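Trainee: Provided below: upload_39.txt, containing compact mmCIF, C-alpha atoms.
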```txt
# COMPACT_ATOMS: atom_id res chain seq x y z
CA ALA Q 1 45.72 213.06 244.79
CA PRO Q 2 46.02 216.49 243.07
CA ALA Q 3 43.79 218.08 245.71
CA ARG Q 4 45.97 216.64 248.49
CA GLU Q 5 49.10 217.91 246.74
CA ASP Q 6 47.57 221.40 246.43
CA GLU Q 7 46.74 221.36 250.13
CA ALA Q 8 50.28 220.30 251.03
CA VAL Q 9 51.80 223.04 248.86
CA SER Q 10 49.49 225.63 250.39
CA ARG Q 11 50.46 224.57 253.90
CA ILE Q 12 54.16 224.83 253.04
CA GLU Q 13 53.74 228.28 251.48
CA ALA Q 14 51.66 229.50 254.44
CA PHE Q 15 54.27 228.24 256.90
CA HIS Q 16 57.15 229.96 255.11
CA ALA Q 17 55.15 233.18 254.70
CA TRP Q 18 54.59 233.16 258.47
CA LYS Q 19 58.15 232.12 259.35
CA TYR Q 20 59.84 234.77 257.27
CA SER Q 21 57.27 237.53 257.66
CA GLY Q 22 58.25 240.86 259.13
CA PRO Q 23 56.72 244.30 259.65
CA ALA Q 24 55.51 245.56 256.28
CA PRO Q 25 56.68 249.05 255.31
CA GLY Q 26 53.67 251.19 254.43
CA GLY Q 27 50.97 248.53 254.06
CA GLN Q 28 49.73 246.64 251.01
CA ARG Q 29 50.96 247.49 247.53
CA ARG Q 30 49.04 247.13 244.30
CA GLY Q 31 49.21 243.63 242.88
CA SER Q 32 47.33 240.35 242.84
CA ALA Q 33 45.29 238.59 245.49
CA GLY Q 34 47.38 237.30 248.34
CA VAL Q 35 50.19 239.77 247.71
CA ALA Q 36 52.11 240.99 250.73
CA PRO Q 37 54.77 243.70 250.69
CA ALA Q 38 58.33 242.54 251.19
CA GLY Q 39 59.26 243.86 254.63
CA ALA Q 40 62.64 244.22 256.23
CA GLY Q 41 61.69 241.77 258.99
CA GLU Q 42 64.71 240.19 260.62
CA TYR Q 43 67.01 240.96 257.69
CA PRO Q 44 68.99 244.18 257.13
CA ALA Q 45 67.34 246.26 254.40
CA PHE Q 46 69.20 247.56 251.36
CA GLY Q 47 66.28 248.98 249.38
CA GLU Q 48 65.61 252.38 247.85
CA ASP Q 49 62.42 254.00 246.60
CA ALA Q 50 59.71 251.50 245.74
CA MET Q 51 59.34 250.20 242.19
CA ASP Q 52 56.07 249.20 240.57
CA ALA Q 53 56.99 245.53 240.85
CA THR Q 54 55.64 242.16 241.93
CA LEU Q 55 57.70 239.04 242.64
CA TYR Q 56 55.92 235.71 242.32
CA TYR Q 57 57.73 232.92 244.15
CA PHE Q 58 57.55 229.21 244.77
CA SER Q 59 59.50 227.84 247.73
CA GLY Q 60 59.60 224.33 249.11
CA THR Q 61 62.20 224.85 251.86
CA GLY Q 62 62.37 228.63 252.23
CA ASN Q 63 65.35 229.42 249.98
CA SER Q 64 63.35 231.03 247.18
CA LEU Q 65 61.14 232.88 249.65
CA TYR Q 66 64.23 234.40 251.26
CA VAL Q 67 65.52 235.40 247.83
CA ALA Q 68 62.17 236.94 246.85
CA ARG Q 69 61.98 238.93 250.08
CA ARG Q 70 65.53 240.24 249.82
CA ILE Q 71 65.15 241.29 246.19
CA GLY Q 72 61.77 242.83 247.05
CA GLU Q 73 63.49 244.90 249.72
CA GLY Q 74 66.14 245.91 247.20
CA LEU Q 75 63.35 247.18 244.94
CA GLY Q 76 62.04 249.39 247.73
CA GLY Q 77 59.41 247.06 249.18
CA ALA Q 78 58.04 245.40 246.05
CA ALA Q 79 55.06 243.09 246.51
CA ILE Q 80 55.71 239.36 246.78
CA SER Q 81 53.10 236.66 246.21
CA PRO Q 82 53.20 232.85 246.49
CA ILE Q 83 52.64 231.06 243.20
CA ALA Q 84 50.87 228.26 245.07
CA LEU Q 85 48.05 230.70 245.81
CA GLU Q 86 48.15 232.64 242.54
CA ALA Q 87 47.99 229.38 240.56
CA ARG Q 88 44.46 228.79 241.83
CA ASP Q 89 43.28 231.69 239.69
CA PRO Q 90 42.36 230.28 236.25
CA ARG Q 91 43.40 233.60 234.65
CA PRO Q 92 46.16 235.18 236.76
CA ARG Q 93 47.15 238.68 235.70
CA ALA Q 94 50.19 240.75 236.62
CA GLU Q 95 49.30 244.39 237.12
CA THR Q 96 52.74 245.87 237.72
CA GLU Q 97 55.28 247.04 235.15
CA VAL Q 98 58.08 244.91 236.59
CA VAL Q 99 57.43 241.20 237.16
CA GLY Q 100 59.81 238.70 238.73
CA ILE Q 101 59.51 234.92 239.01
CA VAL Q 102 61.57 233.28 241.76
CA THR Q 103 61.75 229.50 241.75
CA PRO Q 104 64.03 226.60 242.68
CA ILE Q 105 65.54 224.26 240.12
CA TYR Q 106 64.41 220.64 240.42
CA PHE Q 107 66.72 218.20 238.60
CA THR Q 108 67.68 220.72 235.86
CA GLY Q 109 64.05 221.75 235.39
CA TRP Q 110 61.52 224.10 236.89
CA PRO Q 111 58.62 222.87 239.07
CA ALA Q 112 55.45 221.95 237.18
CA LEU Q 113 53.41 224.36 239.30
CA VAL Q 114 55.65 227.26 238.25
CA ARG Q 115 55.71 226.16 234.61
CA ASP Q 116 51.91 226.05 234.41
CA PHE Q 117 51.59 229.41 236.19
CA VAL Q 118 54.02 231.12 233.80
CA ARG Q 119 52.17 229.68 230.83
CA ARG Q 120 48.84 231.06 232.09
CA ILE Q 121 49.67 234.43 233.64
CA ASP Q 122 48.71 237.54 231.66
CA LEU Q 123 51.82 239.69 231.32
CA SER Q 124 50.39 242.27 228.94
CA SER Q 125 50.94 245.09 231.47
CA ALA Q 126 54.53 244.09 232.19
CA ARG Q 127 57.38 246.09 230.69
CA TYR Q 128 60.22 244.11 232.29
CA VAL Q 129 60.19 240.41 233.20
CA PHE Q 130 62.98 238.66 235.05
CA LEU Q 131 63.62 235.19 236.47
CA VAL Q 132 65.61 234.18 239.52
CA PHE Q 133 66.51 230.52 240.05
CA THR Q 134 67.81 229.03 243.28
CA ALA Q 135 69.71 225.76 243.53
CA GLY Q 136 72.71 224.13 245.12
CA SER Q 137 74.25 223.93 241.65
CA ILE Q 138 72.96 226.18 238.90
CA ASP Q 139 72.17 224.88 235.39
CA LEU Q 140 71.01 228.33 234.36
CA GLU Q 141 71.18 227.98 230.61
CA CYS Q 142 68.99 224.89 230.49
CA VAL Q 143 66.25 226.11 232.81
CA SER Q 144 66.12 229.68 231.56
CA ALA Q 145 65.82 228.36 228.00
CA GLN Q 146 62.67 226.53 229.09
CA VAL Q 147 61.22 229.71 230.57
CA TRP Q 148 62.28 231.83 227.61
CA ARG Q 149 60.43 229.51 225.23
CA ALA Q 150 57.33 229.42 227.45
CA LEU Q 151 57.17 233.22 227.46
CA ALA Q 152 57.98 233.56 223.75
CA ARG Q 153 55.09 231.25 222.86
CA LYS Q 154 52.67 233.69 224.50
CA GLY Q 155 54.26 236.81 223.04
CA ALA Q 156 56.10 237.84 226.21
CA ARG Q 157 59.79 238.60 226.60
CA LEU Q 158 62.29 237.41 229.20
CA ASP Q 159 64.54 240.39 229.89
CA ALA Q 160 66.89 238.82 232.41
CA ALA Q 161 67.61 235.57 234.22
CA PHE Q 162 69.75 235.11 237.31
CA GLY Q 163 70.99 232.10 239.25
CA VAL Q 164 71.60 232.16 243.00
CA GLY Q 165 73.67 229.33 244.44
CA MET Q 166 72.27 228.19 247.78
CA VAL Q 167 73.07 225.34 250.16
CA ASP Q 168 72.09 221.97 248.69
CA ASN Q 169 69.08 220.86 250.72
CA TYR Q 170 68.07 217.62 249.01
CA ALA Q 171 68.70 215.44 252.06
CA PRO Q 172 68.74 212.00 250.33
CA LYS Q 173 71.67 213.04 248.13
CA PHE Q 174 73.60 215.88 249.77
CA HIS Q 175 75.32 216.20 253.12
CA MET Q 176 73.75 219.08 255.03
CA VAL Q 177 76.47 221.57 255.95
CA PRO Q 178 76.36 223.97 258.92
CA GLU Q 179 75.26 227.54 258.28
CA SER Q 180 78.12 229.55 256.81
CA PRO Q 181 78.41 233.31 257.43
CA GLU Q 182 80.61 233.55 254.33
CA LEU Q 183 77.99 231.88 252.14
CA SER Q 184 75.22 234.02 253.63
CA ALA Q 185 77.20 237.18 252.91
CA ALA Q 186 77.91 236.03 249.35
CA ILE Q 187 74.22 235.29 248.75
CA ASP Q 188 73.14 238.69 250.06
CA ALA Q 189 75.76 240.41 247.89
CA LYS Q 190 74.42 238.52 244.87
CA LEU Q 191 70.83 239.57 245.68
CA GLU Q 192 71.89 243.20 246.02
CA SER Q 193 73.50 242.96 242.58
CA ILE Q 194 70.33 241.44 241.10
CA ALA Q 195 68.19 244.20 242.65
CA ARG Q 196 70.45 246.88 241.16
CA THR Q 197 70.20 245.29 237.71
CA VAL Q 198 66.42 245.07 237.95
CA ARG Q 199 66.12 248.67 239.17
CA SER Q 200 67.99 249.79 236.05
CA ARG Q 201 65.96 247.31 233.95
CA GLY Q 202 69.18 245.88 232.69
CA ARG Q 203 69.43 242.89 230.41
CA HIS Q 204 71.20 239.84 231.76
CA SER Q 205 72.47 237.62 228.96
CA GLY Q 206 73.42 234.63 231.09
CA PHE Q 207 70.81 232.41 229.54
CA ALA Q 208 70.43 230.46 226.34
CA ARG Q 209 67.60 230.44 223.84
CA GLY Q 210 68.45 227.12 222.31
CA GLN Q 211 67.14 223.62 222.84
CA CYS Q 212 67.10 221.83 226.16
CA ALA Q 213 66.35 218.26 227.14
CA LEU Q 214 63.39 219.28 229.32
CA ASP Q 215 60.51 221.61 228.49
```
As C-alpha cells - that is how I would like this structure written.

Mentor:
Amino acid sequence: APAREDEAVSRIEAFHAWKYSGPAPGGQRRGSAGVAPAGAGEYPAFGEDAMDATLYYFSGTGNSLYVARRIGEGLGGAAISPIALEARDPRPRAETEVVGIVTPIYFTGWPALVRDFVRRIDLSSARYVFLVFTAGSIDLECVSAQVWRALARKGARLDAAFGVGMVDNYAPKFHMVPESPELSAAIDAKLESIARTVRSRGRHSGFARGQCALD
C-alpha cells in the first residue's frame, strides 16, 4: 500500500508540475535534485533580483504549487521542488540560505509526507526558514505550532509563517464556487506581500509556540 501511495503522489506532483510549468528564466538554479526554477509562465511576474532560495512544496490539487510558483517569482526566480520527490532522499539537504515550505492544511494538521520531510531535511545551511500554508479556512496558530516544534527539536528556527486563504476544494464537504477574479486578485496581493517580507527576511509573528491537539 505505501508504494502505491507514493506512486499516486508522484503522478499528482508530476501532473501539476507539467500543468503549471512555464518558460524558466535563465535555466536551473542551485538546489536539490528535481528542482526547477519558478518561471513566469502564464502568470504576470512581480519578481526582482534572484535570491538564494528554494521553496519545497506539496500540492494535492494545485493550490500550493501555484502559491510556491508565485512566491518564487517574487523572490526573483527562486527554485521550487516537489516534496513528494525530495522525500525519497533518506537525507535531504537544503543548500540555499533561504528555505520555504509550502503545504496545504489537512483537517487542522499538516500532511504526514510534509511532516516527515521537515523532520528529516538538513537545514544547517539555511539562514532564514519560512512556512506558507494554504487552506479554505486557516488555522494558522495550530499548524505552525506543530512545525515550530518539529524544527526546534532539530535545532532549527522558524522565522516566519503565513496563511493563504484559497477556495475550499474538499468536494465532499464544500460547495465548489465559480472562479472569482476578486479572490484571485486578493490571493496574488497576499503572495506579493509574503515575497516582500521574505526578501527582507522579516519575522512574521502570526504563529503560536504553544501546545496543539495534533503533532

Trainee: With all atoms listed in the file as the atoms that count, which of Q:Phe117, Q:Lys154, Q:Arg127, Q:Thr134 lies nearest to Arg91 of chain Q?

Mentor: Q:Phe117

Trainee: Find the residues near Tyr57 of chain Q: any atom within 7 Å, counting only C-alpha atoms, skip ones fewer than 4 places away on the same chain, and give them as a ChimeraX atom specification.

Mentor: /Q:64-65,68,81-83,101-103

Trainee: Out of Q:Val129, Q:Ala53, Q:Val118, Q:Val164, which residue has the shortest atom-to-atom distance to Glu95 of chain Q when counting all atoms listed in the file?

Mentor: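 For Glu95 of chain Q, the nearest of the candidates is Q:Ala53.
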
Trainee: For the atom pair atom CA of Arg153 of chain Q and atom CA of Glu86 of chain Q, what is the interatomic distance in Å to one decimal place?

Mentor: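 Going from atom CA of Arg153 of chain Q over to atom CA of Glu86 of chain Q covers 20.9 Å.
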
Trainee: Work out how far apart atom CA of Gly100 of chain Q and atom CA of Val132 of chain Q are and give it in Å to one decimal.

Mentor: 7.4 Å

Trainee: Residues within 8 Å of Leu113 of chain Q, please, as a PyMOL selection string. Count only C-alpha atoms; anything in the same chain fewer than 2 positions from it doesn't count.

Mentor: chain Q and resi 83-84+87+111+115-117

Trainee: What does the distance between atom CA of Gly165 of chain Q and atom CA of Trp110 of chain Q come to in Å, to one decimal place?

Mentor: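 Spanning atom CA of Gly165 of chain Q to atom CA of Trp110 of chain Q is a straight-line distance of 15.2 Å.
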
Trainee: Have a look at Q:His204, Q:Arg93, Q:Arg196, Q:Arg157 and name the one nearest to Ser125 of chain Q; count only C-alpha atoms.

Mentor: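 With only C-alpha atoms as the atom set, the closest residue is Q:Arg93.
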
Trainee: Anything within 12 Å of (57.3, 236.3, 225.3): list those residues as a short mmCIF file (atom, residue, chain, number, x, y, z; two decimals) with C-alpha atoms, keeping the file's coordinate frame, counting all atoms listed in the file and sticking to the file's coordinates.

Mentor:
```
data_model
loop_
_atom_site.label_atom_id
_atom_site.label_comp_id
_atom_site.auth_asym_id
_atom_site.auth_seq_id
_atom_site.Cartn_x
_atom_site.Cartn_y
_atom_site.Cartn_z
CA VAL Q 118 54.02 231.12 233.80
CA ARG Q 119 52.17 229.68 230.83
CA ILE Q 121 49.67 234.43 233.64
CA ASP Q 122 48.71 237.54 231.66
CA LEU Q 123 51.82 239.69 231.32
CA SER Q 124 50.39 242.27 228.94
CA ALA Q 126 54.53 244.09 232.19
CA ARG Q 127 57.38 246.09 230.69
CA TYR Q 128 60.22 244.11 232.29
CA VAL Q 129 60.19 240.41 233.20
CA PHE Q 130 62.98 238.66 235.05
CA ALA Q 145 65.82 228.36 228.00
CA GLN Q 146 62.67 226.53 229.09
CA VAL Q 147 61.22 229.71 230.57
CA TRP Q 148 62.28 231.83 227.61
CA ARG Q 149 60.43 229.51 225.23
CA ALA Q 150 57.33 229.42 227.45
CA LEU Q 151 57.17 233.22 227.46
CA ALA Q 152 57.98 233.56 223.75
CA ARG Q 153 55.09 231.25 222.86
CA LYS Q 154 52.67 233.69 224.50
CA GLY Q 155 54.26 236.81 223.04
CA ALA Q 156 56.10 237.84 226.21
CA ARG Q 157 59.79 238.60 226.60
CA LEU Q 158 62.29 237.41 229.20
CA ASP Q 159 64.54 240.39 229.89
CA ARG Q 209 67.60 230.44 223.84
#
```
